[in-house]
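Below is work29.pdb, holding PDB, C-alpha atoms.
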ATOM      1  CA  LEU S  80      33.458 -24.983  46.711
ATOM      2  CA  SER S  81      33.073 -21.627  48.445
ATOM      3  CA  THR S  82      33.491 -19.316  45.439
ATOM      4  CA  GLY S  83      32.441 -21.589  42.583
ATOM      5  CA  ALA S  84      35.663 -20.807  40.721
ATOM      6  CA  LEU S  85      36.868 -23.418  38.219
ATOM      7  CA  ALA S  86      40.435 -24.656  37.828
ATOM      8  CA  ARG S  87      41.148 -26.496  34.585
ATOM      9  CA  ILE S  88      42.636 -29.955  35.240
ATOM     10  CA  GLY S  89      43.241 -31.096  31.672
ATOM     11  CA  SER S  90      41.475 -32.995  28.920
ATOM     12  CA  GLU S  91      40.783 -36.580  27.933
ATOM     13  CA  GLY S  92      40.174 -37.753  24.373
ATOM     14  CA  ALA S  93      36.577 -38.699  23.588
ATOM     15  CA  GLY S  94      36.841 -39.924  20.001
ATOM     16  CA  SER S  95      36.703 -38.063  16.713
ATOM     17  CA  PRO S  96      36.713 -34.253  16.775
ATOM     18  CA  ASN S  97      33.294 -32.621  16.428
ATOM     19  CA  GLY S  98      31.733 -35.908  17.546
ATOM     20  CA  PRO S  99      31.094 -35.657  21.318
ATOM     21  CA  ILE S 100      27.614 -34.277  22.078
ATOM     22  CA  GLY S 101      25.532 -35.600  24.974
ATOM     23  CA  ILE S 102      27.126 -36.205  28.365
ATOM     24  CA  ALA S 103      25.781 -38.020  31.422
ATOM     25  CA  ASN S 104      26.879 -39.044  34.895
ATOM     26  CA  GLY S 105      26.761 -42.628  36.079
ATOM     27  CA  PRO S 106      26.001 -43.863  39.625
ATOM     28  CA  SER S 107      26.908 -41.320  42.333
ATOM     29  CA  ALA S 108      28.786 -39.276  39.704
ATOM     30  CA  LYS S 109      31.625 -41.819  39.736
ATOM     31  CA  PHE S 110      31.378 -42.461  35.990
ATOM     32  CA  LEU S 111      30.975 -40.320  32.897
ATOM     33  CA  TYR S 112      29.409 -41.271  29.563
ATOM     34  CA  VAL S 113      29.800 -39.286  26.335
ATOM     35  CA  ALA S 114      27.926 -39.929  23.071
ATOM     36  CA  ASN S 115      30.193 -39.450  20.038
ATOM     37  CA  SER S 116      27.908 -38.890  17.051
ATOM     38  CA  PHE S 117      30.705 -39.126  14.461
ATOM     39  CA  ASP S 118      32.044 -42.466  15.725
ATOM     40  CA  GLY S 119      28.664 -44.026  16.529
ATOM     41  CA  ASN S 120      29.643 -45.016  20.046
ATOM     42  CA  VAL S 121      29.576 -44.074  23.720
ATOM     43  CA  ARG S 122      32.815 -43.302  25.576
ATOM     44  CA  GLU S 123      33.021 -44.392  29.223
ATOM     45  CA  PHE S 124      35.204 -42.854  31.932
ATOM     46  CA  ASN S 125      35.951 -43.239  35.628
ATOM     47  CA  ILE S 126      35.954 -39.973  37.603
ATOM     48  CA  ASN S 127      38.737 -39.760  40.196
ATOM     49  CA  SER S 128      36.942 -38.546  43.330
ATOM     50  CA  THR S 129      40.053 -36.720  44.571
ATOM     51  CA  SER S 130      41.516 -35.119  41.460
ATOM     52  CA  GLY S 131      38.501 -35.129  39.149
ATOM     53  CA  LYS S 132      40.607 -36.599  36.351
ATOM     54  CA  LEU S 133      39.044 -38.979  33.834
ATOM     55  CA  THR S 134      40.290 -42.468  33.012
ATOM     56  CA  PRO S 135      38.766 -44.600  30.229
ATOM     57  CA  ILE S 136      36.860 -47.621  31.546
ATOM     58  CA  THR S 137      38.104 -51.001  30.321
ATOM     59  CA  GLY S 138      36.147 -51.913  27.205
ATOM     60  CA  SER S 139      35.376 -48.302  26.264
ATOM     61  CA  PRO S 140      33.964 -47.279  23.865
ATOM     62  CA  VAL S 141      30.758 -49.286  23.489
ATOM     63  CA  ALA S 142      28.937 -49.313  20.147
ATOM     64  CA  ALA S 143      25.752 -47.314  19.615
ATOM     65  CA  GLY S 144      23.616 -46.714  16.517
ATOM     66  CA  SER S 145      24.013 -44.062  13.832
ATOM     67  CA  SER S 146      24.867 -40.585  15.158
ATOM     68  CA  PRO S 147      24.094 -41.043  18.879
ATOM     69  CA  GLN S 148      23.100 -37.784  20.554
ATOM     70  CA  TRP S 149      22.438 -38.440  24.206
ATOM     71  CA  VAL S 150      22.882 -40.914  27.046
ATOM     72  CA  ALA S 151      20.255 -41.387  29.773
ATOM     73  CA  VAL S 152      20.944 -43.430  32.923
ATOM     74  CA  THR S 153      18.124 -44.712  35.152
ATOM     75  CA  PRO S 154      18.210 -43.344  38.745
ATOM     76  CA  ASN S 155      18.737 -46.874  40.122
ATOM     77  CA  ALA S 156      21.870 -47.030  37.909
ATOM     78  CA  GLN S 157      20.901 -50.375  36.375
ATOM     79  CA  PHE S 158      20.330 -49.333  32.770
ATOM     80  CA  ALA S 159      21.433 -46.726  30.237
ATOM     81  CA  PHE S 160      20.119 -45.728  26.819
ATOM     82  CA  ALA S 161      21.617 -43.831  23.868
ATOM     83  CA  THR S 162      19.384 -41.986  21.395
ATOM     84  CA  ASN S 163      20.507 -42.509  17.803
ATOM     85  CA  PHE S 164      19.575 -39.558  15.604
ATOM     86  CA  GLY S 165      20.837 -41.109  12.379
ATOM     87  CA  ASP S 166      18.766 -44.307  12.307
ATOM     88  CA  ALA S 167      15.922 -43.362  14.708
ATOM     89  CA  THR S 168      16.746 -46.083  17.236
ATOM     90  CA  ILE S 169      17.649 -46.380  20.912
ATOM     91  CA  SER S 170      20.636 -48.431  22.065
ATOM     92  CA  PRO S 171      19.995 -50.123  25.455
ATOM     93  CA  TYR S 172      22.735 -51.037  27.935
ATOM     94  CA  THR S 173      23.149 -52.604  31.348
ATOM     95  CA  VAL S 174      25.390 -50.753  33.808
ATOM     96  CA  ASN S 175      28.014 -52.433  35.968
ATOM     97  CA  THR S 176      27.641 -50.393  39.157
ATOM     98  CA  THR S 177      31.135 -51.373  40.320
ATOM     99  CA  THR S 178      33.154 -50.563  37.204
ATOM    100  CA  GLY S 179      30.707 -48.300  35.368
ATOM    101  CA  ALA S 180      31.081 -50.363  32.203
ATOM    102  CA  LEU S 181      28.171 -50.465  29.765
ATOM    103  CA  THR S 182      27.152 -53.718  28.092
ATOM    104  CA  ALA S 183      24.765 -53.901  25.144
ATOM    105  CA  ASN S 184      21.366 -55.104  26.362
ATOM    106  CA  GLY S 185      20.139 -56.581  23.091
ATOM    107  CA  THR S 186      20.015 -54.860  19.719
ATOM    108  CA  ALA S 187      19.091 -51.246  18.996
ATOM    109  CA  PHE S 188      15.382 -50.602  19.601
ATOM    110  CA  PRO S 189      13.468 -49.120  16.633
ATOM    111  CA  SER S 190      10.185 -47.203  16.899
ATOM    112  CA  ILE S 191       7.846 -45.858  14.227
ATOM    113  CA  LEU S 192       7.248 -42.945  16.608
ATOM    114  CA  LEU S 193      10.813 -41.689  16.161
ATOM    115  CA  SER S 194      12.257 -39.812  13.204
ATOM    116  CA  SER S 195      15.041 -37.708  14.736
ATOM    117  CA  PRO S 196      15.475 -38.692  18.405
ATOM    118  CA  THR S 197      17.547 -36.118  20.214
ATOM    119  CA  ALA S 198      17.726 -35.922  24.009
ATOM    120  CA  ALA S 199      16.433 -38.302  26.669
ATOM    121  CA  VAL S 200      15.882 -38.620  30.397
ATOM    122  CA  ALA S 201      14.934 -41.747  32.351
ATOM    123  CA  SER S 202      13.067 -42.743  35.466
ATOM    124  CA  ASN S 203      13.399 -46.313  36.700
ATOM    125  CA  SER S 204      10.250 -47.244  34.774
ATOM    126  CA  PHE S 205      10.172 -45.001  31.685
ATOM    127  CA  LEU S 206      12.518 -43.522  29.116
ATOM    128  CA  TYR S 207      11.453 -40.140  27.710
ATOM    129  CA  VAL S 208      12.863 -39.190  24.293
ATOM    130  CA  THR S 209      12.409 -35.904  22.426
ATOM    131  CA  ASP S 210      12.025 -36.070  18.654
ATOM    132  CA  ASN S 211      13.178 -32.977  16.810
ATOM    133  CA  THR S 212      11.227 -33.702  13.620
ATOM    134  CA  GLN S 213       7.952 -35.017  15.025
ATOM    135  CA  GLY S 214       7.635 -32.263  17.654
ATOM    136  CA  THR S 215       6.916 -34.854  20.331
ATOM    137  CA  ILE S 216       8.307 -36.512  23.425
ATOM    138  CA  VAL S 217       7.823 -40.281  23.509
ATOM    139  CA  SER S 218       7.342 -42.306  26.715
ATOM    140  CA  PHE S 219       8.856 -45.818  26.498
ATOM    141  CA  PRO S 220       8.194 -48.303  29.344
ATOM    142  CA  ILE S 221      11.368 -49.900  30.729
ATOM    143  CA  GLY S 222      11.005 -53.578  31.621
ATOM    144  CA  ALA S 223      12.543 -55.262  34.660
ATOM    145  CA  ASN S 224      15.397 -56.457  32.435
ATOM    146  CA  GLY S 225      15.961 -53.013  30.913
ATOM    147  CA  THR S 226      14.301 -53.681  27.575
ATOM    148  CA  LEU S 227      11.943 -51.132  26.046
ATOM    149  CA  SER S 228       8.315 -51.552  25.004
ATOM    150  CA  ALA S 229       6.232 -49.660  22.451
ATOM    151  CA  GLY S 230       6.083 -45.968  23.259
ATOM    152  CA  THR S 231       3.360 -43.351  23.566
ATOM    153  CA  PRO S 232       3.947 -39.926  21.987
ATOM    154  CA  THR S 233       2.950 -36.651  23.600
ATOM    155  CA  ALA S 234       2.553 -33.719  21.213
ATOM    156  CA  LEU S 235       4.214 -30.552  22.469
ATOM    157  CA  SER S 236       1.745 -28.322  20.626
ATOM    158  CA  THR S 237      -1.868 -28.666  19.521
ATOM    159  CA  VAL S 238      -1.407 -25.967  16.871
ATOM    160  CA  THR S 239       0.257 -26.939  13.589
ATOM    161  CA  PRO S 240       2.066 -25.596  11.720
ATOM    162  CA  PRO S 241       4.602 -24.787  13.007
ATOM    163  CA  VAL S 242       5.813 -28.058  14.512
ATOM    164  CA  PRO S 243       7.825 -27.679  17.750
ATOM    165  CA  SER S 244      11.550 -28.452  17.699
ATOM    166  CA  PRO S 245      12.175 -30.075  21.100
ATOM    167  CA  GLY S 246      15.775 -30.260  22.270
ATOM    168  CA  SER S 247      17.041 -30.796  25.799
ATOM    169  CA  VAL S 248      14.888 -32.530  28.408
ATOM    170  CA  ILE S 249      15.194 -32.826  32.200
ATOM    171  CA  MET S 250      13.194 -34.334  35.054
ATOM    172  CA  ASP S 251      12.690 -32.565  38.381
ATOM    173  CA  PRO S 252      14.315 -34.122  41.485
ATOM    174  CA  THR S 253      11.036 -35.719  42.634
ATOM    175  CA  GLY S 254      10.474 -37.460  39.295
ATOM    176  CA  ALA S 255       7.012 -35.912  38.987
ATOM    177  CA  PHE S 256       7.626 -33.351  36.249
ATOM    178  CA  VAL S 257       9.513 -33.096  32.947
ATOM    179  CA  TYR S 258      10.676 -29.944  31.150
ATOM    180  CA  VAL S 259      11.715 -29.593  27.499
ATOM    181  CA  THR S 260      13.237 -26.666  25.605
ATOM    182  CA  ASP S 261      12.385 -25.727  22.036
ATOM    183  CA  GLN S 262      15.348 -25.182  19.714
ATOM    184  CA  THR S 263      13.422 -22.830  17.431
ATOM    185  CA  PHE S 264      10.533 -21.042  19.125
ATOM    186  CA  GLY S 265      11.935 -19.892  22.483
ATOM    187  CA  ALA S 266       9.580 -22.081  24.530
ATOM    188  CA  VAL S 267       9.788 -24.338  27.562
ATOM    189  CA  TYR S 268       7.272 -27.198  27.747
ATOM    190  CA  PHE S 269       6.083 -28.450  31.144
ATOM    191  CA  LEU S 270       4.783 -32.024  31.385
ATOM    192  CA  THR S 271       3.468 -34.099  34.262
ATOM    193  CA  VAL S 272       4.599 -37.712  34.693
ATOM    194  CA  GLY S 273       1.511 -39.216  36.336
ATOM    195  CA  THR S 274       1.569 -43.013  35.959
ATOM    196  CA  GLY S 275       4.365 -42.804  33.391
ATOM    197  CA  VAL S 276       3.056 -41.451  30.087
ATOM    198  CA  LEU S 277       3.616 -37.691  29.918
ATOM    199  CA  THR S 278       0.863 -35.075  29.755
ATOM    200  CA  LEU S 279       1.543 -31.571  28.456
ATOM    201  CA  ALA S 280       0.568 -29.201  31.282
ATOM    202  CA  GLY S 281       1.958 -25.844  30.174
ATOM    203  CA  THR S 282       4.009 -23.894  27.641
ATOM    204  CA  TYR S 283       6.140 -20.943  28.729
ATOM    205  CA  THR S 284       8.002 -18.352  26.706
ATOM    206  CA  ALA S 285      11.659 -18.259  27.712
ATOM    207  CA  SER S 286      12.746 -15.836  24.985
ATOM    208  CA  THR S 287      11.850 -14.864  21.434
ATOM    209  CA  MET S 288      14.221 -17.366  19.784
ATOM    210  CA  GLY S 289      15.615 -20.866  20.179
ATOM    211  CA  GLU S 290      16.780 -22.358  23.456
ATOM    212  CA  GLY S 291      19.709 -24.536  24.459
ATOM    213  CA  GLY S 292      19.962 -26.548  27.656
ATOM    214  CA  LEU S 293      18.019 -26.244  30.894
ATOM    215  CA  VAL S 294      18.594 -27.255  34.502
ATOM    216  CA  ILE S 295      16.827 -27.132  37.873
ATOM    217  CA  GLY S 296      18.636 -25.949  41.003
ATOM    218  CA  THR S 297      17.474 -25.939  44.622
ATOM    219  CA  ALA S 298      18.846 -22.974  46.581
ATOM    220  CA  SER S 299      19.709 -22.920  50.281
ATOM    221  CA  SER S 300      16.362 -21.173  50.868
ATOM    222  CA  GLY S 301      14.560 -24.246  49.575
ATOM    223  CA  ASN S 302      13.340 -22.344  46.521
ATOM    224  CA  GLU S 303      13.621 -24.221  43.236
ATOM    225  CA  PHE S 304      14.593 -22.441  40.024
ATOM    226  CA  LEU S 305      14.702 -23.454  36.366
ATOM    227  CA  PHE S 306      17.516 -21.955  34.266
ATOM    228  CA  VAL S 307      17.337 -21.921  30.455
ATOM    229  CA  ALA S 308      20.103 -20.950  28.011
ATOM    230  CA  ASN S 309      18.740 -18.507  25.403
ATOM    231  CA  GLN S 310      21.181 -19.469  22.701
ATOM    232  CA  LEU S 311      20.037 -17.562  19.632
ATOM    233  CA  LEU S 312      19.147 -14.123  20.982
ATOM    234  CA  PRO S 313      21.241 -11.236  19.600
ATOM    235  CA  SER S 314      22.151 -10.564  23.242
ATOM    236  CA  PRO S 315      22.503 -14.088  24.691
ATOM    237  CA  SER S 316      20.938 -14.523  28.094
ATOM    238  CA  ILE S 317      19.737 -16.944  30.730
ATOM    239  CA  SER S 318      16.035 -17.163  31.583
ATOM    240  CA  VAL S 319      15.239 -17.849  35.238
ATOM    241  CA  PHE S 320      11.888 -19.328  36.298
ATOM    242  CA  LEU S 321      10.595 -20.060  39.795
ATOM    243  CA  VAL S 322       9.395 -23.676  40.005
ATOM    244  CA  ASN S 323       6.149 -23.872  41.958
ATOM    245  CA  GLY S 324       5.092 -26.796  44.119
ATOM    246  CA  ASP S 325       2.838 -28.188  41.382
ATOM    247  CA  GLY S 326       5.666 -28.027  38.843
ATOM    248  CA  SER S 327       4.301 -24.976  37.038
ATOM    249  CA  LEU S 328       6.633 -22.070  36.348
ATOM    250  CA  THR S 329       6.569 -18.385  37.279
ATOM    251  CA  GLY S 330       8.608 -15.967  35.197
ATOM    252  CA  PRO S 331      10.899 -15.712  33.430
ATOM    253  CA  THR S 332      13.399 -13.021  34.243
ATOM    254  CA  LEU S 333      16.088 -12.646  31.568
ATOM    255  CA  TYR S 334      19.722 -12.119  32.488
ATOM    256  CA  PRO S 335      21.900 -11.080  29.527
ATOM    257  CA  ASP S 336      25.629 -11.120  30.137
ATOM    258  CA  PRO S 337      28.674 -10.225  27.981
ATOM    259  CA  SER S 338      30.374 -13.507  28.907
ATOM    260  CA  LEU S 339      27.686 -15.482  27.048
ATOM    261  CA  LYS S 340      28.070 -16.451  23.394
ATOM    262  CA  LEU S 341      25.880 -19.206  21.947
ATOM    263  CA  PRO S 342      25.180 -20.587  25.450
ATOM    264  CA  THR S 343      24.207 -24.242  25.240
ATOM    265  CA  GLY S 344      24.615 -26.521  28.253
ATOM    266  CA  VAL S 345      23.866 -25.470  31.843
ATOM    267  CA  ALA S 346      24.581 -27.043  35.230
ATOM    268  CA  VAL S 347      23.990 -26.062  38.878
ATOM    269  CA  ASP S 348      26.272 -27.090  41.724
ATOM    270  CA  PRO S 349      24.744 -29.359  44.435
ATOM    271  CA  THR S 350      24.290 -26.474  46.898
ATOM    272  CA  GLY S 351      22.300 -24.437  44.372
ATOM    273  CA  SER S 352      24.739 -21.543  44.753
ATOM    274  CA  PHE S 353      26.311 -21.397  41.286
ATOM    275  CA  LEU S 354      25.195 -21.783  37.681
ATOM    276  CA  TYR S 355      27.661 -22.871  34.981
ATOM    277  CA  VAL S 356      27.034 -22.308  31.262
ATOM    278  CA  ALA S 357      28.948 -23.793  28.301
ATOM    279  CA  ASN S 358      29.447 -21.182  25.564
ATOM    280  CA  GLN S 359      29.611 -22.813  22.155
ATOM    281  CA  GLY S 360      30.541 -19.517  20.512
ATOM    282  CA  ASN S 361      33.766 -18.649  22.332
ATOM    283  CA  GLY S 362      35.063 -21.813  23.984
ATOM    284  CA  THR S 363      34.381 -20.747  27.572
ATOM    285  CA  ILE S 364      32.329 -21.631  30.623
ATOM    286  CA  SER S 365      30.507 -18.820  32.438
ATOM    287  CA  ARG S 366      29.929 -18.971  36.177
ATOM    288  CA  PHE S 367      27.085 -17.075  37.860
ATOM    289  CA  ALA S 368      26.272 -16.726  41.555
ATOM    290  CA  ILE S 369      22.600 -17.548  42.253
ATOM    291  CA  ASN S 370      20.499 -15.461  44.651
ATOM    292  CA  ALA S 371      18.867 -18.009  46.968
ATOM    293  CA  THR S 372      15.707 -15.922  47.417
ATOM    294  CA  ASN S 373      14.709 -14.985  43.875
ATOM    295  CA  GLY S 374      17.131 -16.900  41.626
ATOM    296  CA  ALA S 375      18.722 -13.711  40.309
ATOM    297  CA  LEU S 376      22.109 -14.177  38.643
ATOM    298  CA  GLY S 377      25.244 -12.203  39.385
ATOM    299  CA  THR S 378      27.743 -11.022  36.794
ATOM    300  CA  GLY S 379      29.193 -13.824  34.693
ATOM    301  CA  VAL S 380      32.821 -14.881  35.154
ATOM    302  CA  SER S 381      34.496 -16.691  32.237
ATOM    303  CA  PHE S 382      36.750 -19.741  32.388
ATOM    304  CA  ALA S 383      38.647 -21.080  29.367
ATOM    305  CA  THR S 384      38.183 -24.635  28.109
ATOM    306  CA  GLU S 385      40.326 -26.347  25.467
ATOM    307  CA  SER S 386      40.537 -23.340  23.139
ATOM    308  CA  ALA S 387      38.517 -20.393  21.896
ATOM    309  CA  THR S 388      37.291 -22.543  18.993
ATOM    310  CA  SER S 389      36.581 -25.776  20.888
ATOM    311  CA  LYS S 390      32.790 -25.164  20.904
ATOM    312  CA  PRO S 391      31.799 -26.768  24.220
ATOM    313  CA  LEU S 392      28.231 -28.073  24.128
ATOM    314  CA  PHE S 393      27.016 -29.616  27.372
ATOM    315  CA  LEU S 394      28.440 -30.009  30.848
ATOM    316  CA  THR S 395      27.783 -31.964  34.018
ATOM    317  CA  LEU S 396      29.223 -31.975  37.527
ATOM    318  CA  GLY S 397      31.124 -34.847  39.160
ATOM    319  CA  GLN S 398      31.518 -35.149  42.924
TER     320      GLN S 398
END
Let's see the structure in the file written out as structure tokens.
Amino acid sequence: LSTGALARIGSEGAGSPNGPIGIANGPSAKFLYVANSFDGNVREFNINSTSGKLTPITGSPVAAGSSPQWVAVTPNAQFAFATNFGDATISPYTVNTTTGALTANGTAFPSILLSSPTAAVASNSFLYVTDNTQGTIVSFPIGANGTLSAGTPTALSTVTPPVPSPGSVIMDPTGAFVYVTDQTFGAVYFLTVGTGVLTLAGTYTASTMGEGGLVIGTASSGNEFLFVANQLLPSPSISVFLVNGDGSLTGPTLYPDPSLKLPTGVAVDPTGSFLYVANQGNGTISRFAINATNGALGTGVSFATESATSKPLFLTLGQ
């Protein structure tokens, strides 16, 4: 906790190889959910608060649709949703806040607005889903019982072609703003939540090529920074933006580092002191110290995962 160093505990099976993709925490980071695209299901785990070890939840896995990519849990921990890339549907679940178990909340939800749903993030009232083919993010109202209603798409560009390729999506801690990376064009899209349906408020260049994951961290200074993995640059790097009070971004500053290779997922520890990056290209996690004043990153330190060829994608922190 003082140095940010990682110590590998072990591993827990999550279904077929090359299947696990999206990963999400449950209530108070006590539970972990992993979408396995090959198996068409979601794996559920308890997180041991002392050792950090994972134990499958009774009843795991729970069925999803075709090629699930991501799991989004509402902040009130009542509902969860899996985006199904293969059949353009969303699988809804209720969450048992005691055991963490997911239970299907009706059948998979189809939408004519979805072709290739990828990532998702949820408020208590709306589910926001990026669509890699349509170049949009779709806002779906969440009912009191966790069911979804017809969505409203928000285009991520008014200039076509080319069509944006949205990937990862996050919401800021206040729930007022949403940020999306582009997997092809090196952009970050900034959207305001308003009354629920998203409005595109800005487009920022993170690099000259496609992006991976993104995360917001609040430093001890109170400054908020957005970190973006520049996956496809010849010299992989992390872009750092300052998040302004109105949600707009200032920057970026690029930080290349020799420890990075196909950086994908990113996470910041709760104190905002350290950034962790999953490197799909060499089976490692890079740790960077974060300057609390300007968000500058220190030299990357590598930690091994399963193997040099394990291709870690995304990561999240349990407490």
**OP:** Step by step, work through what the PyMOL selection byres ((chain S and resi 208-225) around 9) selects in the shown file, and finish by giving those residues as a ChimeraX atom specification.
**Re:** /S:157-159,162,164,171-173,184,192-207,226-236,242-248,259,261-262,275-277
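Take the candidates S:Thr263, S:Gln359, S:Thr378, S:Thr271 and check each one against Gly326 of chain S using all atoms listed in the file; the shortest distance goes to S:Thr271.
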Subject >> Selection near Pro331 of chain S, 9 Å with all atoms listed in the file, sequence-local residues under 4 positions removed, as an MDAnalysis selection string >> reply: chainID S and resid 283:286 318:321
Subject >> Test item: the PyMOL selection byres ((chain S and resi 290) around 9) resolved as JSON, numbers by chain >> reply: {"S": [246, 247, 260, 261, 262, 263, 264, 265, 266, 267, 285, 286, 288, 289, 291, 292, 293, 307, 308, 309, 310, 311, 312, 342, 343]}
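Non-sequential neighbours of Val356 of chain S (distance at most 8 Å, separation of 4 or more positions within a chain, all atoms listed in the file) are Ala308, Pro342, Thr343, Gly344, Val345, Ala346, Ile364, Ser365, Arg366 and Leu394 of chain S.
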Subject >> Atomic distance atom CA of Gly296 of chain S - atom CA of Asn155 of chain S, expressed in Å with one decimal >> reply: 20.9 Å
Original post:
Written as a count of residues only, what is the full residue list that the PyMOL selection byres ((chain S and resi 137-151) around 8) yields on the file shown?
Top reply: 43
Original post:
Please, what distance in Å, to one decimal, runs between atom CA of Leu392 of chain S and atom CA of Pro99 of chain S?
Top reply: 8.6 Å
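With distances taken over all atoms listed in the file, S:Glu385 is the one residue among S:Glu385, S:Thr177, S:Phe393, S:Lys109 lying closest to Glu91 of chain S.
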Subject >> Closest of S:Phe110, S:Phe304, S:Tyr268, S:Phe188 to Val347 of chain S - atom-to-atom distances counting only C-alpha atoms >> reply: S:Phe304
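Residues of protein, DNA or RNA having at least one counted atom within 6 Å of (33.7, -33.6, 37.0), given only C-alpha atoms, are Gly131, Leu396 and Gly397 of chain S.
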Next, the residues of the selection above should be written as a PDB file, in the frame of the given file with C-alpha atoms.
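The resulting file, out.pdb, is shown below:
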ATOM      1  CA  GLY S 131      38.501 -35.129  39.149  1.00  0.00           C
ATOM      2  CA  LEU S 396      29.223 -31.975  37.527  1.00  0.00           C
ATOM      3  CA  GLY S 397      31.124 -34.847  39.160  1.00  0.00           C
TER       4      GLY S 397
END
